[in-house]
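Text of data36.txt, listed as compact mmCIF, C-alpha atoms:
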```
# COMPACT_ATOMS: atom_id res chain seq x y z
CA MET A 24 94.64 79.33 70.79
CA GLY A 25 95.30 79.19 67.13
CA ILE A 26 92.01 80.75 66.06
CA LEU A 27 91.93 83.65 68.47
CA PRO A 28 94.50 86.40 68.40
CA LYS A 29 96.62 86.66 71.51
CA SER A 30 95.06 89.97 72.52
CA ALA A 31 91.59 88.44 72.55
CA SER A 32 92.62 85.29 74.37
CA ALA A 33 93.91 87.38 77.24
CA PHE A 34 90.34 88.31 78.00
CA GLY A 35 89.81 84.69 78.92
CA VAL A 36 91.56 85.40 82.19
CA THR A 37 89.17 88.24 82.92
CA PHE A 38 86.21 86.17 81.83
CA SER A 39 87.16 83.19 83.98
CA HIS A 40 86.91 85.41 87.05
CA MET A 41 83.17 85.61 86.48
CA PHE A 42 82.94 82.08 87.82
CA LYS A 43 85.34 82.40 90.73
CA LYS A 44 84.40 83.08 94.31
CA VAL A 45 84.36 86.77 95.21
CA VAL A 46 87.22 87.56 97.56
CA THR A 47 85.93 90.96 98.70
CA GLU A 48 84.89 91.20 102.33
CA GLU A 49 81.74 93.25 102.73
CA TYR A 50 83.12 95.01 105.71
CA PRO A 51 80.61 97.40 107.22
CA GLU A 52 77.61 95.17 106.59
CA LYS A 53 79.16 91.77 107.22
CA PRO A 54 82.41 92.15 109.13
CA VAL A 55 84.63 89.09 109.00
CA PRO A 56 85.70 88.05 112.51
CA THR A 57 89.31 88.74 113.34
CA ALA A 58 91.79 86.11 114.37
CA PRO A 59 90.94 85.04 117.93
CA ARG A 60 94.07 86.61 119.38
CA TYR A 61 93.89 89.85 117.43
CA HIS A 62 95.09 92.77 119.53
CA GLY A 63 92.16 95.12 119.84
CA ARG A 64 91.07 97.62 122.45
CA HIS A 65 91.67 96.76 126.08
CA ILE A 66 89.32 95.52 128.76
CA LEU A 67 89.75 95.93 132.50
CA ASN A 68 88.33 92.71 133.88
CA ARG A 69 86.35 92.03 137.01
CA HIS A 70 86.26 89.25 139.55
CA PRO A 71 83.12 87.08 139.52
CA ASP A 72 81.60 89.20 142.29
CA GLY A 73 82.14 92.45 140.40
CA LEU A 74 85.24 93.72 142.18
CA GLU A 75 87.89 95.08 139.86
CA LYS A 76 90.91 92.95 139.16
CA CYS A 77 93.22 95.91 138.73
CA ILE A 78 95.34 96.51 141.78
CA GLY A 79 96.87 99.77 140.56
CA CYS A 80 100.44 98.43 140.40
CA GLU A 81 101.32 100.44 137.26
CA LEU A 82 103.30 97.58 135.73
CA CYS A 83 101.35 98.05 132.50
CA ALA A 84 102.27 101.71 132.40
CA TRP A 85 105.91 100.83 132.93
CA ALA A 86 105.84 98.16 130.25
CA CYS A 87 104.21 100.42 127.67
CA PRO A 88 106.75 101.42 124.99
CA ALA A 89 104.60 104.31 123.84
CA ASP A 90 103.74 105.73 127.27
CA ALA A 91 100.08 105.36 126.46
CA ILE A 92 98.87 104.17 129.87
CA TYR A 93 98.31 106.33 132.90
CA VAL A 94 97.52 104.67 136.22
CA SER A 95 97.20 106.28 139.56
CA GLY A 96 96.65 103.87 142.41
CA ALA A 97 94.52 104.52 145.45
CA ASP A 98 93.96 102.73 148.74
CA ASN A 99 90.99 100.49 149.39
CA THR A 100 89.28 100.97 152.71
CA GLU A 101 86.87 98.64 154.44
CA GLU A 102 84.04 101.07 153.69
CA GLU A 103 84.99 101.66 150.07
CA ARG A 104 86.41 98.60 148.43
CA PHE A 105 86.95 98.41 144.67
CA SER A 106 89.33 95.46 144.46
CA PRO A 107 90.43 92.69 146.81
CA GLY A 108 93.62 93.58 148.62
CA GLU A 109 95.11 96.91 149.50
CA ARG A 110 95.12 99.00 146.37
CA TYR A 111 93.01 99.67 143.33
CA ALA A 112 93.33 101.89 140.28
CA GLY A 113 91.92 105.25 141.27
CA ASP A 114 92.39 106.48 137.75
CA TYR A 115 93.16 104.42 134.68
CA GLN A 116 93.53 105.86 131.21
CA ILE A 117 94.74 104.48 127.91
CA ASN A 118 95.56 106.95 125.18
CA TYR A 119 94.62 105.25 121.92
CA ALA A 120 96.32 108.00 119.97
CA ARG A 121 99.57 106.51 121.30
CA CYS A 122 98.79 102.85 121.93
CA ILE A 123 100.42 100.57 119.38
CA PHE A 124 98.53 97.42 120.46
CA CYS A 125 101.73 95.50 121.11
CA GLY A 126 100.32 93.65 124.11
CA LEU A 127 103.26 94.24 126.46
CA CYS A 128 100.85 95.64 129.05
CA ILE A 129 98.89 92.40 128.90
CA GLU A 130 102.05 90.41 129.50
CA ALA A 131 103.02 92.64 132.39
CA CYS A 132 99.70 92.49 134.20
CA PRO A 133 100.10 90.26 137.29
CA THR A 134 96.39 89.72 137.91
CA ARG A 135 95.18 89.27 134.31
CA SER A 136 93.21 92.39 134.94
CA LEU A 137 94.08 93.96 131.62
CA THR A 138 93.26 91.93 128.52
CA MET A 139 92.49 92.79 124.96
CA SER A 140 89.32 92.39 122.97
CA ASN A 141 89.12 92.12 119.20
CA GLU A 142 87.37 95.48 118.85
CA TYR A 143 89.07 97.77 116.42
CA GLU A 144 86.63 100.48 115.29
CA LEU A 145 88.25 103.28 117.23
CA ALA A 146 88.54 106.23 114.85
CA ARG A 147 87.28 109.53 116.27
CA ASP A 148 87.40 113.10 115.05
CA ASP A 149 88.76 114.48 118.30
CA ARG A 150 91.97 113.43 119.95
CA ARG A 151 90.42 113.81 123.38
CA ASP A 152 87.90 111.09 122.59
CA LEU A 153 90.76 108.70 121.97
CA ILE A 154 91.79 108.79 125.61
CA PHE A 155 89.75 106.03 127.18
CA THR A 156 89.00 106.44 130.86
CA LYS A 157 88.50 103.72 133.43
CA GLU A 158 84.72 103.84 133.03
CA GLN A 159 85.07 103.10 129.34
CA LEU A 160 87.64 100.36 129.78
CA LEU A 161 85.95 98.42 132.58
CA ALA A 162 84.18 95.23 131.58
CA PRO A 163 80.39 95.24 131.79
CA LEU A 164 78.74 93.74 134.85
CA LEU A 165 77.81 90.16 134.07
CA PRO A 166 75.04 88.33 135.93
CA GLY A 167 76.12 87.80 139.52
CA MET A 168 78.37 90.83 139.54
CA GLU A 169 77.76 93.88 141.61
CA GLN A 170 78.98 97.40 141.00
CA PRO A 171 81.87 98.20 143.38
CA PRO A 172 82.49 99.54 145.97
CA HIS A 173 81.37 96.62 148.07
CA ALA A 174 82.89 94.11 150.48
CA MET A 175 84.77 91.01 149.33
CA ARG A 176 82.12 88.41 148.59
CA LEU A 177 84.35 85.47 147.73
CA GLY A 178 86.26 85.18 150.99
CA GLY A 179 87.87 87.03 153.80
CA SER A 180 91.22 87.84 152.23
CA GLU A 181 92.58 88.53 148.77
CA LYS A 182 94.09 85.03 148.78
CA ASP A 183 90.59 83.67 148.32
CA TYR A 184 90.48 85.56 145.07
CA TYR A 185 93.86 84.62 143.73
CA ILE A 186 95.05 81.25 144.96
CA SER A 187 92.73 79.19 147.08
CA GLY A 188 89.39 80.07 145.57
CA PRO A 189 88.34 76.88 143.78
CA GLU A 190 85.54 78.53 141.87
CA ASN A 191 87.67 81.51 141.00
CA PRO A 192 91.05 80.59 139.58
CA GLY A 193 91.86 84.15 138.68
CA MET A 194 89.87 84.15 135.48
CA SER A 195 86.85 86.26 134.83
CA LYS A 196 84.05 84.61 133.01
CA GLY A 197 83.22 86.00 129.66
CA ALA A 198 85.60 88.83 129.16
CA GLU A 199 88.50 86.50 128.71
CA GLY A 200 86.40 84.13 126.69
CA ARG A 201 86.87 81.10 128.88
CA SER A 202 84.47 79.70 131.39
CA VAL A 203 85.84 78.77 134.78
CA GLU A 204 85.66 75.04 134.02
CA ASP A 205 88.05 74.97 131.10
CA ALA A 206 90.51 77.47 132.49
CA PRO A 207 93.93 75.93 132.98
CA GLY A 208 94.55 74.81 136.51
CA ALA A 209 90.89 74.83 137.42
CA GLY A 210 90.72 71.03 137.56
CA SER A 211 90.02 69.00 140.64
CA GLU A 212 93.69 68.35 141.36
CA ARG A 213 94.14 72.04 141.83
CA ARG A 214 91.17 72.29 144.08
CA SER A 215 92.41 69.62 146.45
CA GLY A 216 96.08 70.23 145.81
CA GLY A 217 98.11 72.17 148.28
CA HIS A 218 98.72 75.77 147.51
CA SER A 219 101.21 76.82 150.05
CA MET B 9 81.75 131.65 98.58
CA GLY B 10 79.04 131.75 95.94
CA VAL B 11 75.38 132.38 95.48
CA GLU B 12 74.46 130.01 98.32
CA GLU B 13 75.67 132.61 100.80
CA LYS B 14 73.00 135.09 99.71
CA LEU B 15 70.03 132.76 99.38
CA PRO B 16 67.72 132.12 102.32
CA ALA B 17 68.22 128.61 103.66
CA GLY B 18 64.94 126.94 102.81
CA ILE B 19 64.02 123.60 101.34
CA LEU B 20 65.94 124.40 98.17
CA LEU B 21 69.21 124.81 99.99
CA THR B 22 68.84 121.88 102.36
CA THR B 23 68.06 119.58 99.46
CA VAL B 24 70.89 120.98 97.39
CA GLU B 25 73.13 120.59 100.40
CA LYS B 26 72.22 116.93 100.67
CA VAL B 27 72.88 116.30 96.99
CA VAL B 28 76.17 118.17 97.07
CA ASN B 29 77.33 116.35 100.18
CA TRP B 30 76.23 113.02 98.82
CA SER B 31 78.10 113.55 95.59
CA ARG B 32 81.16 114.66 97.50
CA LYS B 33 81.20 111.61 99.72
CA ALA B 34 80.35 109.18 96.93
CA SER B 35 83.46 110.02 94.96
CA PHE B 36 85.97 110.78 97.61
CA TRP B 37 89.35 110.61 95.95
CA PRO B 38 92.32 110.21 98.23
CA ALA B 39 95.76 111.60 97.55
CA THR B 40 98.54 109.11 98.04
CA PHE B 41 100.48 110.17 101.04
CA GLY B 42 102.00 106.97 102.31
CA LEU B 43 104.96 107.60 104.56
CA ALA B 44 105.56 104.34 106.42
CA CYS B 45 104.08 100.97 107.26
CA CYS B 46 100.52 102.37 107.39
CA ALA B 47 100.80 102.91 103.65
CA ILE B 48 101.01 99.13 103.17
CA GLU B 49 97.67 98.74 104.88
CA MET B 50 96.32 101.66 102.88
CA MET B 51 97.33 99.89 99.67
CA ALA B 52 95.77 96.68 100.96
CA SER B 53 92.52 98.58 101.48
CA GLY B 54 92.48 99.41 97.79
CA SER B 55 93.03 95.79 96.83
CA ALA B 56 90.41 93.26 95.85
CA ARG B 57 89.85 91.83 99.29
CA TYR B 58 88.81 95.10 100.93
CA ASP B 59 88.08 97.10 97.78
CA LEU B 60 87.75 100.80 98.50
CA GLY B 61 86.13 100.98 95.06
CA ARG B 62 82.89 100.05 96.81
CA PHE B 63 82.91 103.56 98.28
CA GLY B 64 84.03 105.28 95.09
CA MET B 65 87.57 105.89 96.23
CA GLU B 66 89.70 103.28 94.53
CA VAL B 67 91.63 105.93 92.61
CA PHE B 68 94.53 107.06 94.72
CA ARG B 69 95.47 110.26 92.92
CA ALA B 70 99.11 110.91 92.46
CA THR B 71 98.51 114.63 92.13
CA PRO B 72 96.99 116.58 94.99
CA ARG B 73 95.09 118.77 92.55
CA GLN B 74 92.65 115.94 91.84
CA ALA B 75 92.24 114.75 95.41
CA ASP B 76 89.61 115.47 98.06
CA LEU B 77 91.10 113.53 100.93
CA MET B 78 94.62 113.28 102.19
CA ILE B 79 95.28 110.06 104.09
CA VAL B 80 98.44 110.81 106.05
CA ALA B 81 99.62 107.24 106.46
CA GLY B 82 102.65 106.93 108.66
CA ARG B 83 105.03 108.93 110.76
CA VAL B 84 105.73 112.48 109.65
CA SER B 85 109.29 113.60 110.24
CA GLN B 86 110.14 117.23 110.81
CA LYS B 87 111.72 117.28 107.40
CA MET B 88 108.58 115.96 105.76
CA ALA B 89 106.32 118.47 107.50
CA PRO B 90 106.68 121.36 105.00
CA VAL B 91 106.19 118.93 102.12
CA LEU B 92 103.01 117.66 103.70
CA ARG B 93 101.76 121.18 104.17
CA GLN B 94 102.52 122.07 100.59
CA ILE B 95 100.65 119.07 99.27
CA TYR B 96 97.72 119.99 101.47
CA ASP B 97 97.79 123.55 100.16
CA GLN B 98 97.80 122.28 96.60
CA MET B 99 94.61 120.30 97.10
CA PRO B 100 91.47 122.11 95.91
CA GLU B 101 88.70 122.95 98.34
CA PRO B 102 86.78 121.21 99.82
CA LYS B 103 89.41 118.93 101.31
CA TRP B 104 89.68 116.60 104.23
CA VAL B 105 92.56 115.04 106.12
CA LEU B 106 92.55 111.60 107.69
CA SER B 107 95.44 110.93 110.01
CA MET B 108 96.05 107.21 109.75
CA GLY B 109 97.87 105.37 112.48
CA VAL B 110 99.12 106.50 115.86
CA CYS B 111 102.29 108.08 114.50
CA ALA B 112 100.36 110.51 112.36
CA SER B 113 97.77 111.08 115.07
CA SER B 114 100.08 111.86 117.95
CA GLY B 115 103.62 110.72 117.24
CA GLY B 116 102.82 107.29 118.63
CA MET B 117 105.72 105.50 120.19
CA PHE B 118 108.18 107.87 118.50
CA ASN B 119 108.22 110.55 121.13
CA ASN B 120 111.44 112.15 119.92
CA TYR B 121 112.88 115.17 118.14
CA ALA B 122 112.67 113.71 114.66
CA ILE B 123 108.94 113.05 114.47
CA VAL B 124 106.11 115.58 114.39
CA GLN B 125 103.93 114.83 117.39
CA GLY B 126 100.72 114.61 115.42
CA VAL B 127 99.96 116.02 111.98
CA ASP B 128 97.42 118.39 113.47
CA HIS B 129 100.41 120.59 114.20
CA ILE B 130 100.62 121.17 110.45
CA VAL B 131 97.22 120.58 108.86
CA PRO B 132 93.66 120.46 110.23
CA VAL B 133 92.71 116.81 110.78
CA ASP B 134 89.14 115.59 110.34
CA MET B 135 89.52 112.03 111.54
CA TYR B 136 92.06 110.37 113.79
CA LEU B 137 92.57 106.67 113.28
CA PRO B 138 94.56 104.82 115.94
CA GLY B 139 96.30 101.51 115.36
CA CYS B 140 99.84 100.52 114.56
CA PRO B 141 99.23 100.01 111.71
CA PRO B 142 95.44 100.04 111.52
CA ARG B 143 94.02 97.07 109.67
CA PRO B 144 92.18 97.86 106.42
CA GLU B 145 88.83 97.50 108.17
CA MET B 146 89.89 100.22 110.58
CA LEU B 147 90.75 102.50 107.68
CA MET B 148 87.41 101.79 106.08
CA ASP B 149 85.71 102.47 109.39
CA ALA B 150 87.47 105.83 109.63
CA ILE B 151 86.57 106.67 106.04
CA LEU B 152 82.93 105.77 106.62
CA LYS B 153 82.84 107.93 109.74
CA LEU B 154 84.33 110.72 107.66
CA HIS B 155 81.60 110.11 105.06
CA ASP B 156 79.11 110.64 107.84
CA LYS B 157 80.75 113.94 108.68
CA VAL B 158 80.78 115.01 105.03
CA MET B 159 77.09 114.20 104.78
CA HIS B 160 76.40 116.57 107.66
CA GLU B 161 78.51 119.42 106.36
CA ALA B 162 76.82 122.79 105.99
CA LEU B 163 76.54 124.49 102.63
CA GLY B 164 77.49 128.10 103.28
CA ASP B 165 77.64 130.23 106.39
CA LYS B 166 73.90 130.63 106.81
CA ARG B 167 73.29 126.91 107.02
CA ARG B 168 76.25 126.60 109.36
CA GLU B 169 74.65 129.06 111.75
CA ILE B 170 71.33 127.24 111.57
CA ILE B 171 72.96 123.87 112.24
CA ALA B 172 74.96 125.33 115.11
CA ALA B 173 71.75 126.64 116.68
CA GLU B 174 70.02 123.26 116.45
CA ASP B 175 70.21 120.65 119.17
CA LYS B 176 73.24 118.40 118.98
CA PRO B 177 72.41 114.85 117.91
CA LEU B 178 72.56 112.28 120.67
CA VAL B 179 75.16 110.21 118.88
CA PRO B 180 77.78 112.68 117.64
CA VAL B 181 78.25 112.74 113.88
CA GLY B 182 80.97 110.33 112.85
CA SER B 183 81.26 108.50 116.16
CA MET B 184 79.23 105.35 115.69
CA PRO B 185 81.38 102.34 114.67
CA SER B 186 80.62 101.33 111.10
CA SER B 187 79.66 97.75 111.88
CA TYR B 188 76.96 99.20 114.15
CA LYS B 189 75.93 102.00 111.82
CA PHE B 190 75.30 99.65 108.91
CA ASN B 191 73.29 97.16 110.98
CA LYS B 192 69.91 98.51 112.03
CA ALA B 193 69.49 96.36 115.13
CA LYS B 194 72.98 97.11 116.38
CA ALA B 195 72.62 100.83 115.59
CA ALA B 196 69.51 100.99 117.75
CA LYS B 197 71.39 99.27 120.57
CA TRP B 198 74.24 101.74 120.20
CA ARG B 199 71.87 104.72 120.42
CA ASP B 200 70.32 103.33 123.60
CA ALA B 201 73.75 102.72 125.05
CA VAL B 202 74.90 106.26 124.25
CA ALA B 203 71.85 107.60 126.06
CA GLU B 204 72.95 105.63 129.12
CA GLY B 205 76.63 106.35 128.56
CA THR B 206 77.54 102.66 128.32
CA GLU B 207 78.45 102.33 124.65
CA GLU B 208 81.91 100.98 125.40
CA GLN B 209 80.44 98.28 127.63
CA LEU B 210 77.99 97.44 124.87
CA ARG B 211 80.93 96.92 122.55
CA ILE B 212 82.53 94.42 124.90
CA THR B 213 79.24 92.62 125.52
CA GLU B 214 78.60 92.33 121.80
CA TRP B 215 82.11 91.12 121.17
CA MET B 216 81.84 88.50 123.91
CA ALA B 217 78.56 87.24 122.44
CA GLU B 218 80.00 87.13 118.93
CA ARG B 219 83.03 85.22 120.08
CA GLU B 220 80.93 82.80 122.07
CA ALA B 221 78.83 82.16 118.98
CA LEU B 222 81.97 81.62 116.92
CA ARG B 223 83.39 79.16 119.40
CA THR B 224 80.29 77.10 119.99
CA GLY B 225 78.40 77.38 116.72
CA GLY B 226 80.83 77.78 113.92
CA ALA B 227 83.55 75.22 114.52
CA GLY B 228 83.42 74.31 110.84
CA LYS B 229 83.24 77.78 109.36
CA LYS B 230 85.70 79.28 111.78
CA GLY B 231 88.53 79.61 109.33
CA LYS B 232 88.45 82.25 106.73
CA ARG B 233 91.82 82.94 108.15
```
Would you put the structure from the file into structure tokens?
Amino acid sequence: MGILPKSASAFGVTFSHMFKKVVTEEYPEKPVPTAPRYHGRHILNRHPDGLEKCIGCELCAWACPADAIYVSGADNTEEERFSPGERYAGDYQINYARCIFCGLCIEACPTRSLTMSNEYELARDDRRDLIFTKEQLLAPLLPGMEQPPHAMRLGGSEKDYYISGPENPGMSKGAEGRSVEDAPGAGSERRSGGHS
Amino acid sequence: MGVEEKLPAGILLTTVEKVVNWSRKASFWPATFGLACCAIEMMASGSARYDLGRFGMEVFRATPRQADLMIVAGRVSQKMAPVLRQIYDQMPEPKWVLSMGVCASSGGMFNNYAIVQGVDHIVPVDMYLPGCPPRPEMLMDAILKLHDKVMHEALGDKRREIIAAEDKPLVPVGSMPSSYKFNKAKAAKWRDAVAEGTEEQLRITEWMAEREALRTGGAGKKGKR
């Protein structure tokens, strides 16, 4: 750099960036996918026949450090059945103005009913719109699912849904991103193996 | 305020309104009001990877007198509240407030005596952004939704009355997620879903499809991260 003065040679750094790859993400037009386990907005999953997985146990609400979840359970009847078993969530709300996306509710959920998606575009101009109701949180009906209330299609008791159902090892297709085949414990040994 | 109050609201005013709103949103200077961890994400949004300069707002003004937008980033303590209000009062009109993160929006997980339970107790908030802290994309999404609101702002009282008398748009102003708004096919889907009231289900369906495509198709190009 003998010829050039120091002040001019510094522009070489700037100039060299002309040939480097652009690091900027063009967010609104081409959003870069998040990490697969990014904590985004929640989903209330369904069983493969469309019944809700949530049993209204309120463990998520108890686990929530920000008190963002409100659950009020209700009783299933034979005429009006929303989930296998006795209870379902009559009302389910998540207040995204409080939720800190820590995932403790997901860990607490005993039926893997509540999971998280990678969706993050949640800003609204009204605080009331940030309270998501059960209708907003419920997963869409996939092919083969039917809008509850309806009778249990996968077996006579809730055990068919949770433990002995070979084609339903407690995972919903799609919403949790895994098909039934590659879900852990869905292999043949589990099918034949004794669940006591 | 000025002469626009006395003029009849014809083509002249609507066009002027569009130009004024466009120029306001295209150089939307934020005041630095970083209070906690959200401020780190706010700074990241100004950096090269996310680059708020693309929207004409890379200059975080250190003085409120040059700022149009106050991004309240972080939890506001009771002691900070009068300071926040004073900074807001020092900003020239027109001004907007974006409450970034759950602490600013509602107090978040700090439901105690030290933290203001939402900055809308102190200043009028135009956009609430949840997240703890929100990632830079979320901040950009909130800013773009706020741009949408600025673009639909009325110039003067007369125009405000006219707009209030018109039918409300199907998709409320500033409610469509930015990745949908800036993609024509997805925006059309979103409008259809809003008509049916299933926009949140659409979001999950789209996300499931995107993730499926990532898992099956792009094993090689999976990792930007």
(request) Compute the set of chain A residues within 8 Å of chain B, using all atoms listed in the file, and express it as a ChimeraX atom specification. (result) /A:46-54,58,66,88-90,119-124,140-150,159-163,197-198,200
Padded axis-aligned box of segment 200-204 of chain B (6 Å per side), centre and edge lengths, Å, one decimal, as JSON:
```
{"center_x": 72.6, "center_y": 105.2, "center_z": 126.4, "size_x": 16.6, "size_y": 16.9, "size_z": 17.5}
```
With a distance cut-off of 6 Å and only C-alpha atoms, select the neighbouring residues of Gln86 of chain B, excluding the residue or stretch itself and same-chain residues fewer than 5 positions from it, and output the selection as a PDB file with C-alpha atoms, in the frame of the given file.
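Final output, part38.pdb:
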```pdb
ATOM      1  CA  ALA B 122     112.670 113.710 114.660  1.00  0.00           C
ATOM      2  CA  ILE B 123     108.940 113.050 114.470  1.00  0.00           C
ATOM      3  CA  VAL B 124     106.110 115.580 114.390  1.00  0.00           C
TER       4      VAL B 124
END
```
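Nearest to Ala89 of chain B of all the residues B:Ile130, B:Ser31, B:Leu77, B:Trp104 is B:Ile130, based on all atoms listed in the file.
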(request) Using atom CA of Thr138 of chain A and atom CA of His62 of chain A as the two end points, give the distance in Å to one decimal. (result)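 Atom-to-atom, atom CA of Thr138 of chain A to atom CA of His62 of chain A, that is 9.2 Å.
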(request) Considering only C-alpha atoms, state which residue in the set B:Gln74, B:Gln125, B:Asn120, B:Gln94 is at the smallest distance from Pro38 of chain B. (result)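 Closest to Pro38 of chain B, using only C-alpha atoms: B:Gln74.
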(message) Just the number, please: distance in Å from atom CA of Phe42 of chain A to atom CA of Glu66 of chain B, one decimal.
(response)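 Computing the Euclidean distance for atom CA of Phe42 of chain A and atom CA of Glu66 of chain B yields 23.2 Å.
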(message) Could you tell me how far atom CA of Pro56 of chain A sits from atom CA of Ser53 of chain B, in Å to one decimal place?
(response)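 Rounded to one decimal, the two atoms are 16.7 Å apart.
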(request) Could you check which of B:Val27, B:Ala196, B:Ile95, B:Cys46 is closest to Ala70 of chain B, using only C-alpha atoms? (result)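 Looking only at the distances to Ala70 of chain B, the closest residue turns out to be B:Ile95.
Between Tyr93 of chain A and the candidates A:Lys157, A:Lys182, A:His65, A:Arg135, the tightest atom-to-atom separation, counting only C-alpha atoms, involves A:Lys157.
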(message) Show me, as number ranges by chain, the residues that have an atom within 10 Å of Ala131 of chain A when counting all atoms listed in the file, minus same-chain residues fewer than 4 positions from it.
(response) A: 81-87, 126-127, 135, 137
(request) Around the point (88.7, 120.9, 105.3) in the file's coordinates, collect all residues with an atom within 10 Å, using only C-alpha atoms, and return them as number ranges by chain. (result) B: 76-77, 96, 100-105, 131-134, 158
